[in-house]
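Source file query.cif; content: mmCIF, N, CA and C atoms.
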data_data
loop_
_atom_site.group_PDB
_atom_site.id
_atom_site.type_symbol
_atom_site.label_atom_id
_atom_site.label_comp_id
_atom_site.auth_asym_id
_atom_site.auth_seq_id
_atom_site.Cartn_x
_atom_site.Cartn_y
_atom_site.Cartn_z
ATOM 1 N N MET A 1 4.446 -2.979 -19.565
ATOM 2 C CA MET A 1 5.120 -2.697 -18.321
ATOM 3 C C MET A 1 4.107 -2.124 -17.327
ATOM 4 N N ALA A 2 4.076 -2.678 -16.126
ATOM 5 C CA ALA A 2 3.133 -2.235 -15.106
ATOM 6 C C ALA A 2 3.537 -0.884 -14.534
ATOM 7 N N GLN A 3 2.540 -0.122 -14.146
ATOM 8 C CA GLN A 3 2.791 1.153 -13.485
ATOM 9 C C GLN A 3 2.860 0.919 -11.983
ATOM 10 N N THR A 4 3.485 1.857 -11.273
ATOM 11 C CA THR A 4 3.645 1.738 -9.830
ATOM 12 C C THR A 4 3.034 2.946 -9.146
ATOM 13 N N ALA A 5 2.277 2.687 -8.061
ATOM 14 C CA ALA A 5 1.672 3.754 -7.265
ATOM 15 C C ALA A 5 2.132 3.630 -5.822
ATOM 16 N N ILE A 6 2.344 4.768 -5.188
ATOM 17 C CA ILE A 6 2.609 4.814 -3.753
ATOM 18 C C ILE A 6 1.347 5.358 -3.105
ATOM 19 N N ILE A 7 0.737 4.552 -2.239
ATOM 20 C CA ILE A 7 -0.500 4.949 -1.578
ATOM 21 C C ILE A 7 -0.204 5.185 -0.104
ATOM 22 N N THR A 8 -0.377 6.435 0.351
ATOM 23 C CA THR A 8 -0.210 6.732 1.768
ATOM 24 C C THR A 8 -1.530 6.459 2.480
ATOM 25 N N GLY A 9 -1.441 6.007 3.714
ATOM 26 C CA GLY A 9 -2.649 5.638 4.440
ATOM 27 C C GLY A 9 -3.273 4.379 3.883
ATOM 28 N N ALA A 10 -2.446 3.500 3.326
ATOM 29 C CA ALA A 10 -2.942 2.311 2.634
ATOM 30 C C ALA A 10 -3.423 1.213 3.570
ATOM 31 N N GLY A 11 -3.276 1.403 4.859
ATOM 32 C CA GLY A 11 -3.680 0.361 5.800
ATOM 33 C C GLY A 11 -5.172 0.287 6.043
ATOM 34 N N THR A 12 -5.876 1.391 5.832
ATOM 35 C CA THR A 12 -7.309 1.429 6.136
ATOM 36 C C THR A 12 -8.038 2.367 5.177
ATOM 37 N N GLY A 13 -9.346 2.288 5.214
ATOM 38 C CA GLY A 13 -10.215 3.247 4.548
ATOM 39 C C GLY A 13 -9.980 3.436 3.060
ATOM 40 N N VAL A 14 -9.995 4.705 2.657
ATOM 41 C CA VAL A 14 -9.874 5.060 1.246
ATOM 42 C C VAL A 14 -8.529 4.622 0.677
ATOM 43 N N GLY A 15 -7.461 4.752 1.466
ATOM 44 C CA GLY A 15 -6.142 4.332 0.990
ATOM 45 C C GLY A 15 -6.097 2.853 0.676
ATOM 46 N N LYS A 16 -6.665 2.057 1.568
ATOM 47 C CA LYS A 16 -6.701 0.602 1.363
ATOM 48 C C LYS A 16 -7.546 0.257 0.134
ATOM 49 N N ALA A 17 -8.696 0.903 0.003
ATOM 50 C CA ALA A 17 -9.567 0.642 -1.149
ATOM 51 C C ALA A 17 -8.882 1.049 -2.456
ATOM 52 N N SER A 18 -8.183 2.166 -2.437
ATOM 53 C CA SER A 18 -7.464 2.622 -3.633
ATOM 54 C C SER A 18 -6.364 1.646 -4.017
ATOM 55 N N ALA A 19 -5.611 1.194 -3.014
ATOM 56 C CA ALA A 19 -4.535 0.231 -3.271
ATOM 57 C C ALA A 19 -5.097 -1.053 -3.864
ATOM 58 N N GLY A 20 -6.189 -1.546 -3.295
ATOM 59 C CA GLY A 20 -6.812 -2.767 -3.803
ATOM 60 C C GLY A 20 -7.312 -2.614 -5.226
ATOM 61 N N GLY A 21 -7.901 -1.465 -5.526
ATOM 62 C CA GLY A 21 -8.387 -1.215 -6.881
ATOM 63 C C GLY A 21 -7.266 -1.185 -7.906
ATOM 64 N N LEU A 22 -6.152 -0.569 -7.533
ATOM 65 C CA LEU A 22 -5.014 -0.522 -8.448
ATOM 66 C C LEU A 22 -4.402 -1.904 -8.642
ATOM 67 N N LEU A 23 -4.315 -2.684 -7.569
ATOM 68 C CA LEU A 23 -3.800 -4.055 -7.697
ATOM 69 C C LEU A 23 -4.663 -4.865 -8.658
ATOM 70 N N ASP A 24 -5.982 -4.686 -8.546
ATOM 71 C CA ASP A 24 -6.902 -5.406 -9.433
ATOM 72 C C ASP A 24 -6.688 -5.035 -10.900
ATOM 73 N N LYS A 25 -6.170 -3.833 -11.142
ATOM 74 C CA LYS A 25 -5.915 -3.374 -12.512
ATOM 75 C C LYS A 25 -4.496 -3.667 -12.973
ATOM 76 N N GLY A 26 -3.737 -4.411 -12.150
ATOM 77 C CA GLY A 26 -2.403 -4.829 -12.559
ATOM 78 C C GLY A 26 -1.263 -3.906 -12.161
ATOM 79 N N TRP A 27 -1.548 -2.898 -11.368
ATOM 80 C CA TRP A 27 -0.500 -1.977 -10.926
ATOM 81 C C TRP A 27 0.361 -2.614 -9.846
ATOM 82 N N ASN A 28 1.605 -2.161 -9.729
ATOM 83 C CA ASN A 28 2.448 -2.429 -8.568
ATOM 84 C C ASN A 28 2.076 -1.374 -7.529
ATOM 85 N N VAL A 29 1.984 -1.770 -6.265
ATOM 86 C CA VAL A 29 1.541 -0.817 -5.241
ATOM 87 C C VAL A 29 2.461 -0.848 -4.033
ATOM 88 N N VAL A 30 2.870 0.354 -3.604
ATOM 89 C CA VAL A 30 3.593 0.524 -2.348
ATOM 90 C C VAL A 30 2.556 0.931 -1.306
ATOM 91 N N PHE A 31 2.379 0.093 -0.291
ATOM 92 C CA PHE A 31 1.473 0.374 0.818
ATOM 93 C C PHE A 31 2.266 1.152 1.865
ATOM 94 N N ALA A 32 1.980 2.435 2.029
ATOM 95 C CA ALA A 32 2.713 3.272 2.980
ATOM 96 C C ALA A 32 1.785 3.710 4.110
ATOM 97 N N GLY A 33 2.327 3.717 5.313
ATOM 98 C CA GLY A 33 1.572 4.141 6.486
ATOM 99 C C GLY A 33 2.423 3.994 7.726
ATOM 100 N N ARG A 34 1.829 4.272 8.880
ATOM 101 C CA ARG A 34 2.613 4.294 10.114
ATOM 102 C C ARG A 34 2.848 2.931 10.742
ATOM 103 N N ARG A 35 1.951 1.967 10.519
ATOM 104 C CA ARG A 35 2.047 0.690 11.238
ATOM 105 C C ARG A 35 2.206 -0.485 10.282
ATOM 106 N N THR A 36 3.350 -1.150 10.382
ATOM 107 C CA THR A 36 3.655 -2.282 9.503
ATOM 108 C C THR A 36 2.600 -3.370 9.603
ATOM 109 N N ASP A 37 2.150 -3.692 10.818
ATOM 110 C CA ASP A 37 1.177 -4.774 10.984
ATOM 111 C C ASP A 37 -0.134 -4.465 10.268
ATOM 112 N N VAL A 38 -0.589 -3.227 10.338
ATOM 113 C CA VAL A 38 -1.830 -2.827 9.665
ATOM 114 C C VAL A 38 -1.648 -2.881 8.146
ATOM 115 N N LEU A 39 -0.491 -2.443 7.669
ATOM 116 C CA LEU A 39 -0.218 -2.467 6.229
ATOM 117 C C LEU A 39 -0.150 -3.897 5.704
ATOM 118 N N GLU A 40 0.504 -4.780 6.445
ATOM 119 C CA GLU A 40 0.598 -6.181 6.014
ATOM 120 C C GLU A 40 -0.774 -6.842 5.988
ATOM 121 N N THR A 41 -1.635 -6.495 6.945
ATOM 122 C CA THR A 41 -3.004 -7.013 6.941
ATOM 123 C C THR A 41 -3.761 -6.491 5.721
ATOM 124 N N ALA A 42 -3.557 -5.225 5.386
ATOM 125 C CA ALA A 42 -4.219 -4.646 4.213
ATOM 126 C C ALA A 42 -3.785 -5.353 2.934
ATOM 127 N N VAL A 43 -2.498 -5.665 2.821
ATOM 128 C CA VAL A 43 -1.998 -6.398 1.653
ATOM 129 C C VAL A 43 -2.726 -7.736 1.544
ATOM 130 N N ALA A 44 -2.830 -8.448 2.660
ATOM 131 C CA ALA A 44 -3.513 -9.748 2.655
ATOM 132 C C ALA A 44 -4.998 -9.589 2.332
ATOM 133 N N ASP A 45 -5.648 -8.572 2.912
ATOM 134 C CA ASP A 45 -7.073 -8.341 2.672
ATOM 135 C C ASP A 45 -7.365 -8.011 1.210
ATOM 136 N N CYS A 46 -6.413 -7.385 0.547
ATOM 137 C CA CYS A 46 -6.593 -7.008 -0.865
ATOM 138 C C CYS A 46 -6.303 -8.168 -1.807
ATOM 139 N N GLY A 47 -6.001 -9.329 -1.257
ATOM 140 C CA GLY A 47 -5.687 -10.474 -2.103
ATOM 141 C C GLY A 47 -4.387 -10.267 -2.846
ATOM 142 N N ALA A 48 -3.468 -9.529 -2.223
ATOM 143 C CA ALA A 48 -2.245 -9.128 -2.901
ATOM 144 C C ALA A 48 -1.080 -10.100 -2.823
ATOM 145 N N PRO A 49 -1.067 -11.081 -1.924
ATOM 146 C CA PRO A 49 0.099 -11.974 -1.928
ATOM 147 C C PRO A 49 0.331 -12.556 -3.321
ATOM 148 N N GLY A 50 1.566 -12.465 -3.776
ATOM 149 C CA GLY A 50 1.890 -12.929 -5.122
ATOM 150 C C GLY A 50 1.868 -11.814 -6.149
ATOM 151 N N LYS A 51 1.254 -10.692 -5.812
ATOM 152 C CA LYS A 51 1.267 -9.530 -6.694
ATOM 153 C C LYS A 51 2.429 -8.638 -6.272
ATOM 154 N N GLN A 52 2.741 -7.649 -7.076
ATOM 155 C CA GLN A 52 3.869 -6.766 -6.798
ATOM 156 C C GLN A 52 3.471 -5.700 -5.785
ATOM 157 N N THR A 53 3.839 -5.936 -4.522
ATOM 158 C CA THR A 53 3.554 -4.980 -3.463
ATOM 159 C C THR A 53 4.803 -4.750 -2.627
ATOM 160 N N LEU A 54 4.803 -3.634 -1.934
ATOM 161 C CA LEU A 54 5.860 -3.316 -0.988
ATOM 162 C C LEU A 54 5.201 -2.605 0.177
ATOM 163 N N VAL A 55 5.562 -2.986 1.393
ATOM 164 C CA VAL A 55 5.073 -2.318 2.595
ATOM 165 C C VAL A 55 6.175 -1.392 3.089
ATOM 166 N N HIS A 56 5.824 -0.120 3.301
ATOM 167 C CA HIS A 56 6.804 0.858 3.792
ATOM 168 C C HIS A 56 6.189 1.615 4.964
ATOM 169 N N ALA A 57 6.694 1.347 6.171
ATOM 170 C CA ALA A 57 6.208 2.043 7.357
ATOM 171 C C ALA A 57 6.893 3.395 7.467
ATOM 172 N N CYS A 58 6.086 4.451 7.498
ATOM 173 C CA CYS A 58 6.623 5.802 7.648
ATOM 174 C C CYS A 58 5.491 6.735 8.056
ATOM 175 N N ASP A 59 5.857 7.872 8.614
ATOM 176 C CA ASP A 59 4.897 8.925 8.935
ATOM 177 C C ASP A 59 5.096 10.020 7.895
ATOM 178 N N VAL A 60 4.158 10.149 6.969
ATOM 179 C CA VAL A 60 4.343 11.098 5.872
ATOM 180 C C VAL A 60 4.319 12.547 6.341
ATOM 181 N N ALA A 61 3.912 12.793 7.583
ATOM 182 C CA ALA A 61 3.969 14.144 8.133
ATOM 183 C C ALA A 61 5.392 14.525 8.533
ATOM 184 N N ASP A 62 6.284 13.535 8.581
ATOM 185 C CA ASP A 62 7.686 13.756 8.948
ATOM 186 C C ASP A 62 8.548 13.633 7.693
ATOM 187 N N PRO A 63 9.007 14.754 7.128
ATOM 188 C CA PRO A 63 9.785 14.703 5.882
ATOM 189 C C PRO A 63 11.006 13.787 5.952
ATOM 190 N N ALA A 64 11.610 13.666 7.104
ATOM 191 C CA ALA A 64 12.789 12.804 7.238
ATOM 192 C C ALA A 64 12.432 11.324 7.136
ATOM 193 N N ALA A 65 11.162 10.995 7.321
ATOM 194 C CA ALA A 65 10.741 9.592 7.306
ATOM 195 C C ALA A 65 10.423 9.083 5.906
ATOM 196 N N VAL A 66 10.246 9.993 4.977
ATOM 197 C CA VAL A 66 9.878 9.558 3.625
ATOM 198 C C VAL A 66 10.958 9.671 2.629
#
Written form, structure tokens:
Amino acid sequence: MAQTAIITGAGTGVGKASAGGLLDKGWNVVFAGRRTDVLETAVADCGAPGKQTLVHACDVADPAAV
């Protein structure tokens, strides 16, 4: 059974690299961040289409958004 990770800031930088690394290891990954378009691009850049991913737009600084 695959494990699932929620990565905040997954659209760029360290978050994106972390999400990609986990996908490569067979994890399910939730790409979380403020901009849906940036997150969807990150999913594509990580070679994730067809893998178990979910894009969730939210501002993690706002408790009501998460």
For the interface of range 11-52 of chain A with range 57-66 of chain A (cut-off 7 Å, counting all atoms listed in the file), please tabulate each contacting residue of range 11-52 of chain A alongside its nearest pair of atoms and their separation in Å to one decimal, rows sorted by chain and increasing number, as JSON lines.
{"residue": "A:Phe31", "atom": "C", "partner": "A:Ala57", "partner_atom": "N", "distance": 6.2}
{"residue": "A:Ala32", "atom": "CA", "partner": "A:Ala57", "partner_atom": "N", "distance": 5.5}
{"residue": "A:Gly33", "atom": "C", "partner": "A:Cys58", "partner_atom": "N", "distance": 3.7}
{"residue": "A:Arg34", "atom": "CA", "partner": "A:Cys58", "partner_atom": "C", "distance": 4.3}
{"residue": "A:Arg35", "atom": "N", "partner": "A:Ala57", "partner_atom": "CA", "distance": 5.3}
{"residue": "A:Thr36", "atom": "N", "partner": "A:Ala57", "partner_atom": "CA", "distance": 5.2}
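Each of A:Asn28, A:Leu22, A:Lys16, A:His56 was compared to Ala42 in chain A using only N, CA and C atoms, and A:Lys16 turns out to be the nearest.
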Any idea what the distance is between atom C of Glu40 in chain A and atom C of Thr4 in chain A? 18.4 Å
I need the residue set behind the PyMOL selection byres (((chain A and resi 23 and name CA) around 10) and name CA) for this file; please write it as a VMD selection string. chain A and resid 4 to 5 17 to 22 24 to 29 43 46 to 48 51 to 53
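Of note, CA of Met1 in chain A and CA of Val38 in chain A are spaced 28.8 Å apart.
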What parts of chain A does DSSP call strand (DSSP E or B)? I'd like the answer as number ranges by chain. A: 4-8, 28-33, 53-57
Please identify which residues in chain A DSSP calls alpha helix (DSSP H) from the backbone, and express them as a list in words. Gly13, Val14, Gly15, Lys16, Ala17, Ser18, Ala19, Gly20, Gly21, Leu22, Leu23, Asp24, Thr36, Asp37, Val38, Leu39, Glu40, Thr41, Ala42, Val43, Ala44 and Asp45 of chain A
